[in-house]
Amino acid sequence: MTTATPPPVSEPDPSTFACSSSLVDPCSGCQRTTHKYGNGGLPLCQWCMTLAREAWGPAVRFTSTRTQAQ
């Protein structure tokens with residue numbers, strides 16, 4: 001699967017246009033501004049997620065690395 005060349009990292013992921021500023025953080029892959037998927041989540045912009053899916057398959061998902069207090 002070939003993807004279009006992403007815009008410069010200085011341009012935000014389009015997902016930022018549909019969320020409040022409190023849900024925006026840098027992508028954990030390229031540092032592009034993108035939507036944060038939950039508190040403490042490690043977000044990926046749409047281009048980094050596409051690369052991850054190509055490398056690992058369509059079932060790739062982020063699982064929190066936070067430990068739960070017992």
# chains A, B, ... in the order shown; residues from 1 in each chain; ligands from 1

$ residues_around --residues "Ser22 in chain A" --least-positions-apart "2" --cutoff "10 Å" --atoms "only C-alpha atoms" --output "short mmCIF file (atom, residue, chain, number, x, y, z; two decimals) with N, CA and C atoms, in the first residue's frame"
data_model
loop_
_atom_site.label_atom_id
_atom_site.label_comp_id
_atom_site.auth_asym_id
_atom_site.auth_seq_id
_atom_site.Cartn_x
_atom_site.Cartn_y
_atom_site.Cartn_z
N CYS A 19 -10.87 18.56 17.64
CA CYS A 19 -10.82 18.31 19.08
C CYS A 19 -10.39 19.57 19.81
N SER A 20 -10.65 19.62 21.11
CA SER A 20 -10.26 20.79 21.90
C SER A 20 -8.74 20.81 22.08
N VAL A 24 -4.70 17.86 22.47
CA VAL A 24 -3.67 17.94 21.43
C VAL A 24 -2.30 17.76 22.08
N ASP A 25 -1.49 16.90 21.50
CA ASP A 25 -0.12 16.63 21.96
C ASP A 25 0.73 16.32 20.74
N HIS A 35 -3.97 14.56 17.69
CA HIS A 35 -4.96 14.31 18.73
C HIS A 35 -4.40 13.33 19.76
N LYS A 36 -4.57 13.65 21.04
CA LYS A 36 -4.11 12.77 22.12
C LYS A 36 -5.24 11.79 22.43
#

$ residues_around --residues "Gly29 in chain A" --least-positions-apart "5" --cutoff "10 Å" --atoms "only C-alpha atoms" --output "list in words"
Leu42, Pro43, Leu44, Cys45, Trp47, Cys48, Met49 and Ala52 of chain A

$ atom_distance --atom1 "CA of Leu23 in chain A" --atom2 "CA of Gln46 in chain A"
15.5 Å

$ residues_around --residues "Pro6 in chain A" --least-positions-apart "4" --cutoff "12 Å" --atoms "only C-alpha atoms" --output "CSV table (one decimal) with N, CA, C and O atoms, in the first residue's frame"
chain,number,residue,atom,x,y,z
A,2,THR,N,0.7,2.1,-0.9
A,2,THR,CA,1.5,3.3,-1.0
A,2,THR,C,0.7,4.5,-0.5
A,2,THR,O,-0.5,4.6,-0.7
A,10,SER,N,5.8,20.6,10.5
A,10,SER,CA,5.3,21.9,11.1
A,10,SER,C,3.8,22.0,10.9
A,10,SER,O,3.1,22.8,11.7
A,11,GLU,N,3.2,21.2,10.0
A,11,GLU,CA,1.7,21.3,9.8
A,11,GLU,C,1.1,20.2,10.7
A,11,GLU,O,1.5,19.1,10.7
A,12,PRO,N,0.0,20.5,11.4
A,12,PRO,CA,-0.7,19.6,12.3
A,12,PRO,C,-1.4,18.5,11.5
A,12,PRO,O,-1.8,18.6,10.4
A,13,ASP,N,-1.6,17.4,12.2
A,13,ASP,CA,-2.5,16.3,11.7
A,13,ASP,C,-3.9,16.9,11.7
A,13,ASP,O,-4.3,17.6,12.6
A,14,PRO,N,-4.6,16.6,10.6
A,14,PRO,CA,-6.0,17.1,10.5
A,14,PRO,C,-6.9,16.7,11.7
A,14,PRO,O,-7.9,17.4,11.9
A,30,CYS,N,6.8,11.4,15.2
A,30,CYS,CA,7.5,12.5,14.5
A,30,CYS,C,7.3,13.8,15.1
A,30,CYS,O,7.9,14.8,14.6
A,32,ARG,N,4.8,15.7,15.3
A,32,ARG,CA,3.7,16.5,14.7
A,32,ARG,C,2.6,16.7,15.6
A,32,ARG,O,2.2,15.8,16.4
A,45,CYS,N,0.3,10.3,14.8
A,45,CYS,CA,-0.4,11.0,13.7
A,45,CYS,C,-0.9,10.0,12.7
A,45,CYS,O,-0.4,8.9,12.7
A,46,GLN,N,-1.7,10.4,11.8
A,46,GLN,CA,-2.2,9.5,10.8
A,46,GLN,C,-1.1,8.9,9.9
A,46,GLN,O,-1.2,7.7,9.5
A,47,TRP,N,0.0,9.6,9.7
A,47,TRP,CA,1.1,9.1,8.9
A,47,TRP,C,1.9,8.1,9.6
A,47,TRP,O,2.3,7.0,9.1
A,48,CYS,N,2.2,8.3,10.9
A,48,CYS,CA,3.0,7.4,11.7
A,48,CYS,C,2.1,6.1,12.0
A,48,CYS,O,2.7,5.0,12.0
A,50,THR,N,-0.1,4.9,9.9
A,50,THR,CA,-0.1,4.2,8.7
A,50,THR,C,1.2,3.3,8.5
A,50,THR,O,1.1,2.2,8.2
A,51,LEU,N,2.3,3.9,8.9
A,51,LEU,CA,3.6,3.2,8.8
A,51,LEU,C,3.6,2.0,9.8
A,51,LEU,O,4.1,0.9,9.5

$ atom_distance --atom1 "CA of Ala18 in chain A" --atom2 "CA of Ala55 in chain A"
27.7 Å
